[in-house]
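Q: To start, I am sharing the structure in question, which I have written as structure tokens.
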Amino acid sequence: PAPAQEGAELAAVIGATVPTGFEQTAAEEVQEKLGSASRISRDRGKIYFEVPARSLPQVHRLRSVDNLFVVVQEFKDYQFKENKEDALKDLEDLVKKLPWIDPLKVWELNNSLKKKKTKRKKHNLQSPASREKLNDGGEEGGADQNNTNDQEDCAQNPVAVEPAGGQDSEKPQGVTSRNGVEEEEDNEQSDVKVEVQESSESGTKAGDSQTGEAEAKVLRFRVTCNRAGDKHSFTSNEAARDFGGAVQEHFQWKADMTNFDVEVLLNIHNNEVVVGIALTEESLHRRNITHFGPTTLRSTLAYGMLRLCDPQPTDIIVDPMCGTGAIPIEGAAEWPYCYHIAGDNSPQAVKRAANNICSLLRKNESKDSSTALGVPLDIIQWDICNLPLRTGSVDIVVTDMPFGKRIGSKKKNWDLYPACLMEMGRICTPGTGRAVLLTQDKKCFAKALSRVGHIWRRAQTVWVNVGGLHAAVYLLRRTWERAEERRSFW
């Protein structure tokens, strides 16, 4: 038979980190767009699925995943030795036994896709993508909703972190920490931007690297270890250091914690061990936002929230507290047959959201100027408790409510939440309207919901991890009850 196109016969088991709580949503998206069944990991915030390597571009276009890696091997019930030295020696010995060849081919194929993108970017220096890279250094603080500054540091600097609950993510050799606080498993990629400089010939074919041929350029690598569970005799630092040493010896690669070409992942969750190779340099959740605010929501979480309310063509979707516009921008990109309205009471937030919408429009134009369309999205400054919208005119309300930490206060929420729910109930269509609301102030929300129980019924709660904070996404359904008309404010 004629040789198949490169990568056609190569299969890859892909691991993806997703917003904790939205694993099922991500699995549904993978099934719908790639036709692959997913397995949801016991280690929350991860899913696994198998695809042909040629489908990598579609994998990168998934809306619900943060980071991607190709699985080298997975051990469902790995027996760790009780003695620390023995346990670490086993991890070292594991390196020689792993089936590296196909995963490295997948990594190489993934790299060639990235290089094509980089070449395109160079033709247009002022492309939104390059601006985003510049902006990443600026208002980056808000990349995770309510993520505290010290957590941001631990995601970027090679420092030792020993969070509560026997979970740790320290790094040796600059293997930077990915986990933050107790149960924080968002697996944020470190923010180091790396341009892969190898040409495809020197990209170290798996076979070359294993036989150590001199012509192949020596690759730089680092090992990132995530460990969860309290029955291990070693720390993440020690596991990554010893495993990394064995990788270096096996491939003759050079360890480099910041300017690396290959990131080897060692995920240990109780007795489950997964070894992988990272396919993303930075989290895919940054895709739409170029202007960050203090509490910018992850695009992946915004997608999960929107998908929860099942938007139908011609639905009118409103985000009354839009901040930098993550939810409506994600909505307009993925559900262009709906009409999206975003609003906020802060002029600064409205300005940032407008800039992010402009960036999206420019990105659409740069892709194909002949067919570039506008986005079905408007942004308005308004008062959440007095929305200039007709009663019963909206199908869906999706918003990230103030947690009372970086924005507002817990005390203000006691008045704000019931007033918001009443106004959302007024604008939503009785019987068919729905709302998806994210908050970490669960006590206040429960109290507010009990006060408006005649117009909103809770249909589902998804527990999510937002920058280390235990938050909830509530799906509410509008009852047939008529909401009180508010006094005219014109």
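By convention here, the chains of the structure tokens are called A, B, ... in the order presented, each chain's residues are numbered starting at 1, and ligands are numbered starting at 1 in the order presented.
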When you look at A:Trp456 with a cut-off of 8 Å (counting only C-alpha atoms), what residues show up, excluding the ones that are within fewer than 4 positions of it in the same chain? I need them as a ChimeraX atom specification.

A: /A:425,449,452,476-479

Q: Excluding stretch 309-326 of chain A and its own-chain neighbours fewer than 3 positions away, which residues fall within 9 Å of it when counting only C-alpha atoms? Please give them as a PDB file with C-alpha atoms, in the first residue's frame.

A:
ATOM      1  CA  ASN A 288      -9.341  34.834  24.027  1.00  0.00           C
ATOM      2  CA  ILE A 289      -8.104  37.300  26.594  1.00  0.00           C
ATOM      3  CA  HIS A 291      -6.508  42.474  28.567  1.00  0.00           C
ATOM      4  CA  PHE A 292      -6.646  40.902  32.024  1.00  0.00           C
ATOM      5  CA  GLY A 293      -8.503  42.216  35.060  1.00  0.00           C
ATOM      6  CA  PRO A 294      -8.138  41.340  38.751  1.00  0.00           C
ATOM      7  CA  THR A 295     -10.466  38.320  38.426  1.00  0.00           C
ATOM      8  CA  THR A 296     -10.380  37.258  34.791  1.00  0.00           C
ATOM      9  CA  LEU A 297     -12.195  33.947  34.402  1.00  0.00           C
ATOM     10  CA  ARG A 298     -10.489  31.066  32.585  1.00  0.00           C
ATOM     11  CA  SER A 299     -11.933  30.616  29.076  1.00  0.00           C
ATOM     12  CA  ALA A 302     -16.469  29.943  30.853  1.00  0.00           C
ATOM     13  CA  MET A 305     -20.569  27.143  32.269  1.00  0.00           C
ATOM     14  CA  LEU A 306     -22.056  28.011  28.873  1.00  0.00           C
ATOM     15  CA  ILE A 329     -16.393  36.198  24.186  1.00  0.00           C
ATOM     16  CA  GLU A 330     -16.203  32.412  24.594  1.00  0.00           C
ATOM     17  CA  GLY A 331     -19.963  32.258  23.910  1.00  0.00           C
ATOM     18  CA  TRP A 335     -22.199  29.691  19.745  1.00  0.00           C
ATOM     19  CA  PRO A 336     -22.297  32.294  16.948  1.00  0.00           C
ATOM     20  CA  TYR A 337     -26.004  31.616  16.257  1.00  0.00           C
ATOM     21  CA  CYS A 338     -26.964  33.077  19.631  1.00  0.00           C
ATOM     22  CA  TYR A 339     -26.915  36.785  20.511  1.00  0.00           C
ATOM     23  CA  HIS A 340     -24.649  37.710  23.432  1.00  0.00           C
ATOM     24  CA  ILE A 341     -24.972  40.813  25.596  1.00  0.00           C
ATOM     25  CA  ALA A 342     -22.281  41.694  28.141  1.00  0.00           C
ATOM     26  CA  GLY A 343     -22.455  44.392  30.764  1.00  0.00           C
ATOM     27  CA  ASP A 344     -20.760  45.597  33.934  1.00  0.00           C
ATOM     28  CA  ASN A 345     -21.099  48.525  36.318  1.00  0.00           C
ATOM     29  CA  SER A 346     -17.345  49.249  36.201  1.00  0.00           C
ATOM     30  CA  GLN A 348     -12.714  49.930  33.557  1.00  0.00           C
ATOM     31  CA  ALA A 349     -14.153  46.410  33.151  1.00  0.00           C
ATOM     32  CA  VAL A 350     -16.287  47.499  30.166  1.00  0.00           C
ATOM     33  CA  LYS A 351     -13.192  49.047  28.550  1.00  0.00           C
ATOM     34  CA  ARG A 352     -11.145  45.857  29.052  1.00  0.00           C
ATOM     35  CA  ALA A 353     -13.965  43.693  27.691  1.00  0.00           C
ATOM     36  CA  ALA A 354     -14.304  45.980  24.650  1.00  0.00           C
ATOM     37  CA  ASN A 355     -10.542  45.679  24.009  1.00  0.00           C
ATOM     38  CA  ASN A 356     -10.761  41.885  24.243  1.00  0.00           C
ATOM     39  CA  ILE A 357     -13.664  41.883  21.735  1.00  0.00           C
ATOM     40  CA  ILE A 379     -20.965  45.378  25.599  1.00  0.00           C
ATOM     41  CA  TRP A 382     -25.154  49.222  33.405  1.00  0.00           C
ATOM     42  CA  ASP A 383     -26.394  48.615  36.936  1.00  0.00           C
ATOM     43  CA  ILE A 384     -26.920  44.901  37.591  1.00  0.00           C
ATOM     44  CA  LEU A 387     -30.971  46.265  33.724  1.00  0.00           C
ATOM     45  CA  SER A 393     -36.761  39.009  26.909  1.00  0.00           C
ATOM     46  CA  VAL A 394     -33.678  36.919  27.764  1.00  0.00           C
ATOM     47  CA  ASP A 395     -33.196  33.137  27.401  1.00  0.00           C
ATOM     48  CA  ILE A 396     -30.017  32.576  29.415  1.00  0.00           C
ATOM     49  CA  VAL A 397     -28.058  34.452  32.079  1.00  0.00           C
ATOM     50  CA  VAL A 398     -24.466  33.264  32.628  1.00  0.00           C
ATOM     51  CA  THR A 399     -22.189  35.140  35.000  1.00  0.00           C
ATOM     52  CA  ASP A 400     -19.323  34.938  37.437  1.00  0.00           C
ATOM     53  CA  MET A 401     -20.655  36.614  40.590  1.00  0.00           C
ATOM     54  CA  PRO A 402     -18.344  38.636  42.879  1.00  0.00           C
ATOM     55  CA  MET A 424     -32.229  38.138  36.485  1.00  0.00           C
ATOM     56  CA  ARG A 434     -32.091  29.407  32.767  1.00  0.00           C
ATOM     57  CA  ALA A 435     -29.141  30.840  34.637  1.00  0.00           C
ATOM     58  CA  VAL A 436     -25.662  29.496  35.293  1.00  0.00           C
ATOM     59  CA  LEU A 475     -27.668  25.805  37.098  1.00  0.00           C
ATOM     60  CA  LEU A 476     -31.015  27.453  37.844  1.00  0.00           C
TER      61      LEU A 476
END

Q: With a distance cut-off of 7 Å and only C-alpha atoms, select the neighbouring residues of A:Thr461, excluding the residue or stretch itself and same-chain residues fewer than 5 positions from it, and output the selection as an MDAnalysis selection string.

A: chainID A and resid 472:475

Q: The selected residues should be written to file as a compact mmCIF listing (two decimals), in the first residue's frame (atoms: all heavy atoms).

A:
# COMPACT_ATOMS: atom_id res chain seq x y z
N ALA A 472 -18.69 27.03 43.49
CA ALA A 472 -19.78 26.23 42.93
C ALA A 472 -20.37 26.93 41.72
O ALA A 472 -20.45 28.17 41.67
CB ALA A 472 -20.87 26.03 43.99
N VAL A 473 -20.75 26.12 40.72
CA VAL A 473 -21.50 26.62 39.57
C VAL A 473 -22.92 26.10 39.71
O VAL A 473 -23.12 24.88 39.81
CB VAL A 473 -20.88 26.13 38.23
CG1 VAL A 473 -21.77 26.51 37.06
CG2 VAL A 473 -19.48 26.70 38.04
N TYR A 474 -23.89 27.00 39.77
CA TYR A 474 -25.30 26.62 39.96
C TYR A 474 -26.05 26.77 38.64
O TYR A 474 -25.99 27.84 38.01
CB TYR A 474 -25.97 27.52 41.01
CG TYR A 474 -25.35 27.42 42.39
CD1 TYR A 474 -24.40 28.35 42.80
CD2 TYR A 474 -25.71 26.40 43.26
CE1 TYR A 474 -23.82 28.27 44.06
CE2 TYR A 474 -25.13 26.31 44.53
CZ TYR A 474 -24.19 27.25 44.92
OH TYR A 474 -23.62 27.15 46.16
N LEU A 475 -26.75 25.71 38.24
CA LEU A 475 -27.67 25.81 37.10
C LEU A 475 -29.07 26.00 37.67
O LEU A 475 -29.56 25.16 38.43
CB LEU A 475 -27.61 24.53 36.25
CG LEU A 475 -28.69 24.38 35.17
CD1 LEU A 475 -28.62 25.49 34.13
CD2 LEU A 475 -28.60 23.01 34.49

Q: Among the residues of stretch 62-124 of chain A, find those DSSP assigns to strand (DSSP E or B) from the backbone and print them as a list in words.

A: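 Here is the list: Asn67, Leu68, Phe69, Val70, Val71, Val72, Gln73, Glu74 and Phe75 of chain A.
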
Q: Using N, CA and C atoms, can you write the selected residues to a file as an mmCIF file, in the first residue's frame?

A:
data_model
loop_
_atom_site.group_PDB
_atom_site.id
_atom_site.type_symbol
_atom_site.label_atom_id
_atom_site.label_comp_id
_atom_site.auth_asym_id
_atom_site.auth_seq_id
_atom_site.Cartn_x
_atom_site.Cartn_y
_atom_site.Cartn_z
ATOM 1 N N ASN A 67 -4.468 22.150 29.568
ATOM 2 C CA ASN A 67 -3.160 21.694 29.119
ATOM 3 C C ASN A 67 -3.264 20.294 28.538
ATOM 4 N N LEU A 68 -2.397 19.988 27.575
ATOM 5 C CA LEU A 68 -2.420 18.675 26.911
ATOM 6 C C LEU A 68 -1.071 17.988 27.060
ATOM 7 N N PHE A 69 -1.103 16.672 27.194
ATOM 8 C CA PHE A 69 0.140 15.903 27.199
ATOM 9 C C PHE A 69 -0.115 14.545 26.556
ATOM 10 N N VAL A 70 0.949 13.964 25.981
ATOM 11 C CA VAL A 70 0.823 12.624 25.416
ATOM 12 C C VAL A 70 1.297 11.643 26.492
ATOM 13 N N VAL A 71 0.520 10.601 26.713
ATOM 14 C CA VAL A 71 0.831 9.636 27.769
ATOM 15 C C VAL A 71 1.899 8.663 27.263
ATOM 16 N N VAL A 72 2.980 8.540 28.032
ATOM 17 C CA VAL A 72 4.017 7.552 27.721
ATOM 18 C C VAL A 72 3.564 6.199 28.273
ATOM 19 N N GLN A 73 3.200 6.182 29.559
ATOM 20 C CA GLN A 73 2.625 4.974 30.146
ATOM 21 C C GLN A 73 1.879 5.333 31.410
ATOM 22 N N GLU A 74 0.879 4.503 31.699
ATOM 23 C CA GLU A 74 0.036 4.731 32.880
ATOM 24 C C GLU A 74 0.048 3.463 33.737
ATOM 25 N N PHE A 75 0.197 3.654 35.027
ATOM 26 C CA PHE A 75 0.169 2.522 35.970
ATOM 27 C C PHE A 75 -1.003 2.741 36.916
#

Q: Point out the residue among A:Ala26, A:Ala255, A:Val466, A:Ile277 with the least atom-to-atom distance to A:Ala12, counting only C-alpha atoms.

A: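 When distances to A:Ala12 are compared using only C-alpha atoms, the smallest one comes from A:Ile277.
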
Q: May I have the residues within 6 Å of A:Gly45 as a ChimeraX atom specification, using only C-alpha atoms and disregarding those fewer than 6 positions away in the same chain?

A: /A:17-20

Q: Go ahead and write the selection's residues with N, CA, C and O atoms as a short mmCIF file (atom, residue, chain, number, x, y, z; two decimals), in the first residue's frame.

A:
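Now in selection_30.cif:
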data_model
loop_
_atom_site.label_atom_id
_atom_site.label_comp_id
_atom_site.auth_asym_id
_atom_site.auth_seq_id
_atom_site.Cartn_x
_atom_site.Cartn_y
_atom_site.Cartn_z
N THR A 17 -5.69 18.31 31.08
CA THR A 17 -6.16 18.87 32.35
C THR A 17 -7.32 19.80 32.03
O THR A 17 -7.29 20.55 31.04
N VAL A 18 -8.35 19.72 32.84
CA VAL A 18 -9.58 20.50 32.61
C VAL A 18 -9.98 21.15 33.92
O VAL A 18 -9.53 20.73 34.99
N PRO A 19 -10.84 22.19 33.89
CA PRO A 19 -11.26 22.78 35.15
C PRO A 19 -11.92 21.72 36.04
O PRO A 19 -12.80 21.00 35.59
N THR A 20 -11.44 21.62 37.27
CA THR A 20 -11.97 20.61 38.20
C THR A 20 -13.47 20.77 38.32
O THR A 20 -13.97 21.87 38.55
#

Q: Sorted by chain and rising residue number, list the residues of stretch 298-369 of chain A at most 12 Å from stretch 29-41 of chain A (counting only C-alpha atoms), each with its closest atom pair and distance in Å to one decimal, as JSON lines.

A:
{"residue": "A:Thr300", "atom": "CA", "partner": "A:Glu29", "partner_atom": "CA", "distance": 11.8}
{"residue": "A:Tyr303", "atom": "CA", "partner": "A:Glu29", "partner_atom": "CA", "distance": 10.5}
{"residue": "A:Gly304", "atom": "CA", "partner": "A:Glu29", "partner_atom": "CA", "distance": 9.9}
{"residue": "A:Arg307", "atom": "CA", "partner": "A:Glu29", "partner_atom": "CA", "distance": 9.5}
{"residue": "A:Leu308", "atom": "CA", "partner": "A:Glu29", "partner_atom": "CA", "distance": 11.8}
{"residue": "A:Glu334", "atom": "CA", "partner": "A:Glu29", "partner_atom": "CA", "distance": 11.9}

Q: Please provide as a VMD selection string all residues within 8 Å of A:Gly244, with the sequence filter that same-chain residues fewer than 2 positions apart are discarded (counting only C-alpha atoms).

A: chain A and resid 222 to 223 240 to 242 246 to 248 255

Q: Store the residues picked out above, limited to N, CA, C and O atoms, as a compact mmCIF listing (two decimals), in the first residue's frame.

A:
# COMPACT_ATOMS: atom_id res chain seq x y z
N ARG A 222 13.05 19.32 31.14
CA ARG A 222 12.86 19.36 32.59
C ARG A 222 11.77 18.35 32.95
O ARG A 222 10.99 17.93 32.10
N VAL A 223 11.75 17.97 34.20
CA VAL A 223 10.71 17.06 34.70
C VAL A 223 9.83 17.85 35.65
O VAL A 223 10.32 18.57 36.51
N ALA A 240 11.03 14.05 41.26
CA ALA A 240 11.38 14.71 39.99
C ALA A 240 12.89 14.75 39.80
O ALA A 240 13.40 14.57 38.70
N ARG A 241 13.62 14.97 40.89
CA ARG A 241 15.09 15.04 40.80
C ARG A 241 15.66 13.69 40.33
O ARG A 241 16.44 13.62 39.39
N ASP A 242 15.24 12.59 40.99
CA ASP A 242 15.80 11.28 40.65
C ASP A 242 15.29 10.76 39.30
O ASP A 242 16.05 10.20 38.52
N ALA A 246 17.56 10.11 35.77
CA ALA A 246 17.53 8.89 34.95
C ALA A 246 17.17 9.21 33.50
O ALA A 246 17.71 8.62 32.57
N VAL A 247 16.26 10.19 33.29
CA VAL A 247 15.89 10.62 31.93
C VAL A 247 17.13 11.20 31.23
O VAL A 247 17.42 10.90 30.07
N GLN A 248 17.86 12.02 31.98
CA GLN A 248 19.07 12.66 31.42
C GLN A 248 20.08 11.60 30.99
O GLN A 248 20.66 11.67 29.90
N ALA A 255 19.56 18.96 31.18
CA ALA A 255 18.52 19.50 32.07
C ALA A 255 18.55 21.03 32.01
O ALA A 255 19.62 21.64 32.10

Q: Would you mind telling me which residue in A:Met422, A:Val51, A:Val59, A:Val95 lies nearest to A:Glu249 when using only C-alpha atoms?

A: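 Closest to A:Glu249 of all the choices is A:Val95.
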
Q: Have a look at atom CA of A:Ile427 and atom CA of A:Glu481 and let me know their distance in Å, one decimal.

A: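 Spanning atom CA of A:Ile427 to atom CA of A:Glu481 is a straight-line distance of 12.6 Å.
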
Q: DSSP on the backbone, then: every residue of stretch 294-412 of chain A marked alpha helix (DSSP H), written as a ChimeraX atom specification.

A: /A:299-308,326-334,347-367,410-412

Q: Find, counting only C-alpha atoms, the residue in A:Gln440, A:Thr280, A:Ser359, A:Ser55 that gets nearest to A:Lys114.

A: A:Thr280

Q: By how many Å are atom CA of A:Leu301 and atom CA of A:Leu469 apart?

A: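 Between atom CA of A:Leu301 and atom CA of A:Leu469 the gap works out to 13.7 Å.
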
Q: Could you work out how far atom CA of A:Val65 lies from atom CA of A:Asn270, giving the answer in Å with one decimal?

A: 23.4 Å
